[in-house]
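Source file: work38.pdb (PDB, C-alpha atoms)
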MODEL        1
ATOM      1  CA  MET A  11      97.215 111.167  78.185
ATOM      2  CA  SER A  12      99.160 110.331  81.334
ATOM      3  CA  GLN A  13      99.301 107.035  83.175
ATOM      4  CA  GLU A  14     100.586 105.783  86.521
ATOM      5  CA  PHE A  15     102.005 102.523  85.151
ATOM      6  CA  GLY A  16     102.790 100.849  81.863
ATOM      7  CA  HIS A  17     103.239 102.826  78.669
ATOM      8  CA  VAL A  18     101.067 104.785  76.256
ATOM      9  CA  GLU A  19     101.914 104.664  72.571
ATOM     10  CA  ARG A  20     100.112 106.732  69.959
ATOM     11  CA  VAL A  21      99.313 104.539  66.971
ATOM     12  CA  PRO A  22      97.847 105.856  63.712
ATOM     13  CA  VAL A  23      94.586 104.504  62.342
ATOM     14  CA  HIS A  24      94.728 104.538  58.542
ATOM     15  CA  PHE A  25      91.871 104.587  56.056
ATOM     16  CA  ASP A  26      92.402 100.899  55.228
ATOM     17  CA  ASP A  27      91.924 100.032  58.934
ATOM     18  CA  LEU A  28      88.290 101.143  58.720
ATOM     19  CA  ASP A  29      85.303  99.009  57.827
ATOM     20  CA  ALA A  30      82.509  99.940  55.409
ATOM     21  CA  MET A  31      80.843 102.027  58.140
ATOM     22  CA  GLY A  32      83.963 104.141  58.671
ATOM     23  CA  ILE A  33      84.861 102.673  62.065
ATOM     24  CA  LEU A  34      87.987 100.797  63.077
ATOM     25  CA  HIS A  35      87.486  97.166  62.022
ATOM     26  CA  ASN A  36      87.384  94.817  65.001
ATOM     27  CA  ALA A  37      90.248  92.665  63.650
ATOM     28  CA  ARG A  38      92.585  95.679  63.420
ATOM     29  CA  TYR A  39      92.792  96.142  67.198
ATOM     30  CA  ALA A  40      95.197  93.200  67.506
ATOM     31  CA  VAL A  41      97.397  94.673  64.765
ATOM     32  CA  LEU A  42      97.401  98.121  66.354
ATOM     33  CA  LEU A  43      98.293  96.621  69.732
ATOM     34  CA  GLU A  44     101.259  94.894  68.081
ATOM     35  CA  ARG A  45     102.265  98.231  66.526
ATOM     36  CA  ALA A  46     102.206  99.795  69.986
ATOM     37  CA  LEU A  47     104.203  97.028  71.693
ATOM     38  CA  THR A  48     106.902  96.603  69.034
ATOM     39  CA  PRO A  49     108.548 100.050  69.265
ATOM     40  CA  TYR A  50     108.519  99.969  73.059
ATOM     41  CA  TRP A  51     110.527  96.743  73.145
ATOM     42  CA  ALA A  52     112.715  97.727  70.156
ATOM     43  CA  GLU A  53     113.752 101.007  71.790
ATOM     44  CA  ARG A  54     114.959  98.905  74.717
ATOM     45  CA  GLY A  55     117.019  96.484  72.614
ATOM     46  CA  VAL A  56     114.542  93.632  72.087
ATOM     47  CA  ALA A  57     113.679  93.625  68.382
ATOM     48  CA  PHE A  58     113.523  91.286  65.413
ATOM     49  CA  ARG A  59     116.084  92.229  62.781
ATOM     50  CA  GLY A  60     116.006  89.134  60.594
ATOM     51  CA  ASP A  61     117.492  86.575  63.000
ATOM     52  CA  VAL A  62     115.424  85.014  65.804
ATOM     53  CA  HIS A  63     118.588  83.681  67.396
ATOM     54  CA  ALA A  64     119.912  87.246  67.783
ATOM     55  CA  ALA A  65     116.643  88.315  69.475
ATOM     56  CA  PRO A  66     115.252  85.146  71.073
ATOM     57  CA  ASP A  67     112.596  86.953  73.124
ATOM     58  CA  VAL A  68     110.712  88.038  70.018
ATOM     59  CA  PHE A  69     110.052  84.380  69.164
ATOM     60  CA  HIS A  70     106.774  83.985  70.984
ATOM     61  CA  ALA A  71     103.193  83.028  70.203
ATOM     62  CA  VAL A  72      99.937  84.609  71.274
ATOM     63  CA  ARG A  73      98.109  82.150  73.494
ATOM     64  CA  GLU A  74      95.013  84.203  74.170
ATOM     65  CA  PHE A  75      93.581  87.541  73.078
ATOM     66  CA  THR A  76      90.474  89.019  74.705
ATOM     67  CA  ILE A  77      88.891  92.340  73.931
ATOM     68  CA  THR A  78      85.779  94.228  74.891
ATOM     69  CA  TYR A  79      84.673  96.993  72.545
ATOM     70  CA  ARG A  80      83.334 100.048  74.401
ATOM     71  CA  ALA A  81      83.008 102.921  71.902
ATOM     72  CA  PRO A  82      83.905 102.859  68.195
ATOM     73  CA  VAL A  83      86.983 104.550  66.801
ATOM     74  CA  THR A  84      85.618 106.662  63.966
ATOM     75  CA  GLY A  85      87.833 107.879  61.160
ATOM     76  CA  VAL A  86      91.567 108.118  60.787
ATOM     77  CA  GLY A  87      94.156 109.593  63.124
ATOM     78  CA  PRO A  88      96.011 108.536  66.251
ATOM     79  CA  VAL A  89      94.653 106.461  69.119
ATOM     80  CA  ALA A  90      96.364 106.071  72.484
ATOM     81  CA  VAL A  91      97.206 102.469  73.320
ATOM     82  CA  HIS A  92      97.936 102.071  77.026
ATOM     83  CA  PHE A  93      99.530  98.718  77.839
ATOM     84  CA  TRP A  94     101.152  97.093  80.825
ATOM     85  CA  LEU A  95     102.101  93.653  82.089
ATOM     86  CA  GLU A  96      99.870  92.006  84.652
ATOM     87  CA  GLN A  97     102.114  88.947  84.842
ATOM     88  CA  PHE A  98     105.573  87.987  83.599
ATOM     89  CA  GLY A  99     106.381  84.360  84.330
ATOM     90  CA  THR A 100     109.155  81.955  83.422
ATOM     91  CA  SER A 101     108.064  81.575  79.790
ATOM     92  CA  SER A 102     104.781  83.465  79.525
ATOM     93  CA  ALA A 103     103.398  86.958  79.972
ATOM     94  CA  ARG A 104      99.979  88.578  80.175
ATOM     95  CA  TYR A 105      99.447  92.129  78.954
ATOM     96  CA  ALA A 106      96.442  94.262  79.715
ATOM     97  CA  PHE A 107      95.612  97.121  77.389
ATOM     98  CA  GLU A 108      93.254  99.972  76.704
ATOM     99  CA  PHE A 109      92.542 101.812  73.476
ATOM    100  CA  ARG A 110      91.658 105.418  74.298
ATOM    101  CA  SER A 111      91.212 108.722  72.573
ATOM    102  CA  VAL A 112      94.452 110.721  72.561
ATOM    103  CA  ASP A 113      93.128 112.942  75.362
ATOM    104  CA  GLY A 114      92.277 109.819  77.378
ATOM    105  CA  ARG A 115      88.612 110.677  77.836
ATOM    106  CA  VAL A 116      87.083 107.970  75.627
ATOM    107  CA  LEU A 117      87.720 104.289  76.308
ATOM    108  CA  HIS A 118      87.334 102.540  72.953
ATOM    109  CA  ALA A 119      88.301  99.007  73.994
ATOM    110  CA  ASP A 120      90.152  97.053  76.655
ATOM    111  CA  GLY A 121      91.410  93.532  77.068
ATOM    112  CA  THR A 122      94.300  91.173  77.621
ATOM    113  CA  ARG A 123      96.887  89.396  75.495
ATOM    114  CA  SER A 124      98.815  86.368  76.753
ATOM    115  CA  ILE A 125     101.996  85.195  75.053
ATOM    116  CA  VAL A 126     104.413  82.284  75.443
ATOM    117  CA  ARG A 127     108.091  82.449  74.525
ATOM    118  CA  LEU A 128     109.049  79.489  72.330
ATOM    119  CA  ASP A 129     112.313  77.756  71.587
ATOM    120  CA  PRO A 130     112.807  78.154  67.794
ATOM    121  CA  ALA A 131     114.150  74.601  67.429
ATOM    122  CA  THR A 132     111.530  72.711  69.449
ATOM    123  CA  LEU A 133     108.583  75.145  69.454
ATOM    124  CA  ARG A 134     108.208  74.367  73.172
ATOM    125  CA  PRO A 135     107.955  77.008  75.912
ATOM    126  CA  THR A 136     111.307  78.303  77.097
ATOM    127  CA  ALA A 137     112.473  80.888  79.615
ATOM    128  CA  TRP A 138     112.740  84.595  78.881
ATOM    129  CA  THR A 139     116.240  86.047  78.806
ATOM    130  CA  GLU A 140     117.505  88.495  81.412
ATOM    131  CA  ALA A 141     117.226  91.264  78.791
ATOM    132  CA  ALA A 142     113.495  90.600  78.446
ATOM    133  CA  ARG A 143     113.072  90.447  82.210
ATOM    134  CA  ALA A 144     114.698  93.874  82.546
ATOM    135  CA  VAL A 145     112.312  95.417  79.998
ATOM    136  CA  ALA A 146     109.315  93.604  81.509
ATOM    137  CA  GLU A 147     110.077  95.149  84.901
ATOM    138  CA  THR A 148     109.351  98.571  83.394
ATOM    139  CA  LEU A 149     105.866  97.434  82.337
ATOM    140  CA  LEU A 150     104.682  95.498  85.376
ATOM    141  CA  ARG A 151     101.704  97.054  87.113
ATOM    142  CA  PRO A 152     102.501  97.633  90.774
ATOM    143  CA  ALA A 153     100.630  95.439  93.224
ATOM    144  CA  PRO A 154      97.831  97.249  95.037
ATOM    145  CA  ALA A 155      98.718  98.533  98.483
ATOM    146  CA  PRO A 156      97.412  96.385 101.356
ATOM    147  CA  VAL A 157      94.204  97.667 102.927
TER     148      VAL A 157
ENDMDL
END
Can you give me the file's structure in the form of structure tokens?
Amino acid sequence: MSQEFGHVERVPVHFDDLDAMGILHNARYAVLLERALTPYWAERGVAFRGDVHAAPDVFHAVREFTITYRAPVTGVGPVAVHFWLEQFGTSSARYAFEFRSVDGRVLHADGTRSIVRLDPATLRPTAWTEAARAVAETLLRPAPAPV
């Protein structure tokens, strides 16, 4: 599956991700999104390795998660998680995402995930580092061309 912006990560669906009907359980989408985002950031130097002070940008909280289910994921195997940033502010960010079949033909679900970077000492919003801003630039969806 190719994309014009953002990143596509193949994430495996395991047997224990399925519900009693053999489809991906609705609650697992958030986990699989996290499993798609984490390696992207880690490969670019922003990763938790046991010390939040060494990687301050990974200390963030999910503020909002929205999802619309379009077609069930049935069985085990990889799904393509396409994600990008719609907004990257001073202390917050909003991802958009799609879960698709590996060939890109089937849209399983889409939605958004908003996060806020927190100061570990105060648990109050705090600014992203320059390292996070550099990675975020690679994920920002380009603005539409003026008509």
query: Which residue, A:Val21, A:Leu95, A:Leu128, A:Ala90, has the smallest gap to Asp113 (chain A) when you use only C-alpha atoms?
result: A:Ala90
- request: Apply the PyMOL selection byres ((chain A and resi 70) around 8) to the file shown and report the selected residues as a count of residues only.
  value: 9
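Shortest separation to Met31 (chain A) among A:Gly55, A:Pro82, A:Gly99, A:Gly16 occurs at residue A:Pro82, atoms counted being all atoms listed in the file.
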Return as lines of an AutoDock Vina configuration file the centre and edge lengths, in Å with one decimal, of the box along x, y and z that encloses every atom of region 36-53 of chain A in the file, padded by 5 Å per side.
center_x = 100.6
center_y = 96.8
center_z = 68.3
size_x = 36.4
size_y = 18.3
size_z = 19.7
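Comparing the minimum interatomic distances between Tyr39 (chain A) and each of A:Val18, A:Val62, A:Val91, A:Leu117, counting all atoms listed in the file, we find that A:Val91 sits nearest.
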message: Which residues would end up in the selection if the PyMOL selection byres ((chain A and resi 80) around 10) were applied here, given that I need the answer as a VMD selection string?
response: chain A and resid 77 to 79 81 to 83 109 to 110 116 to 120
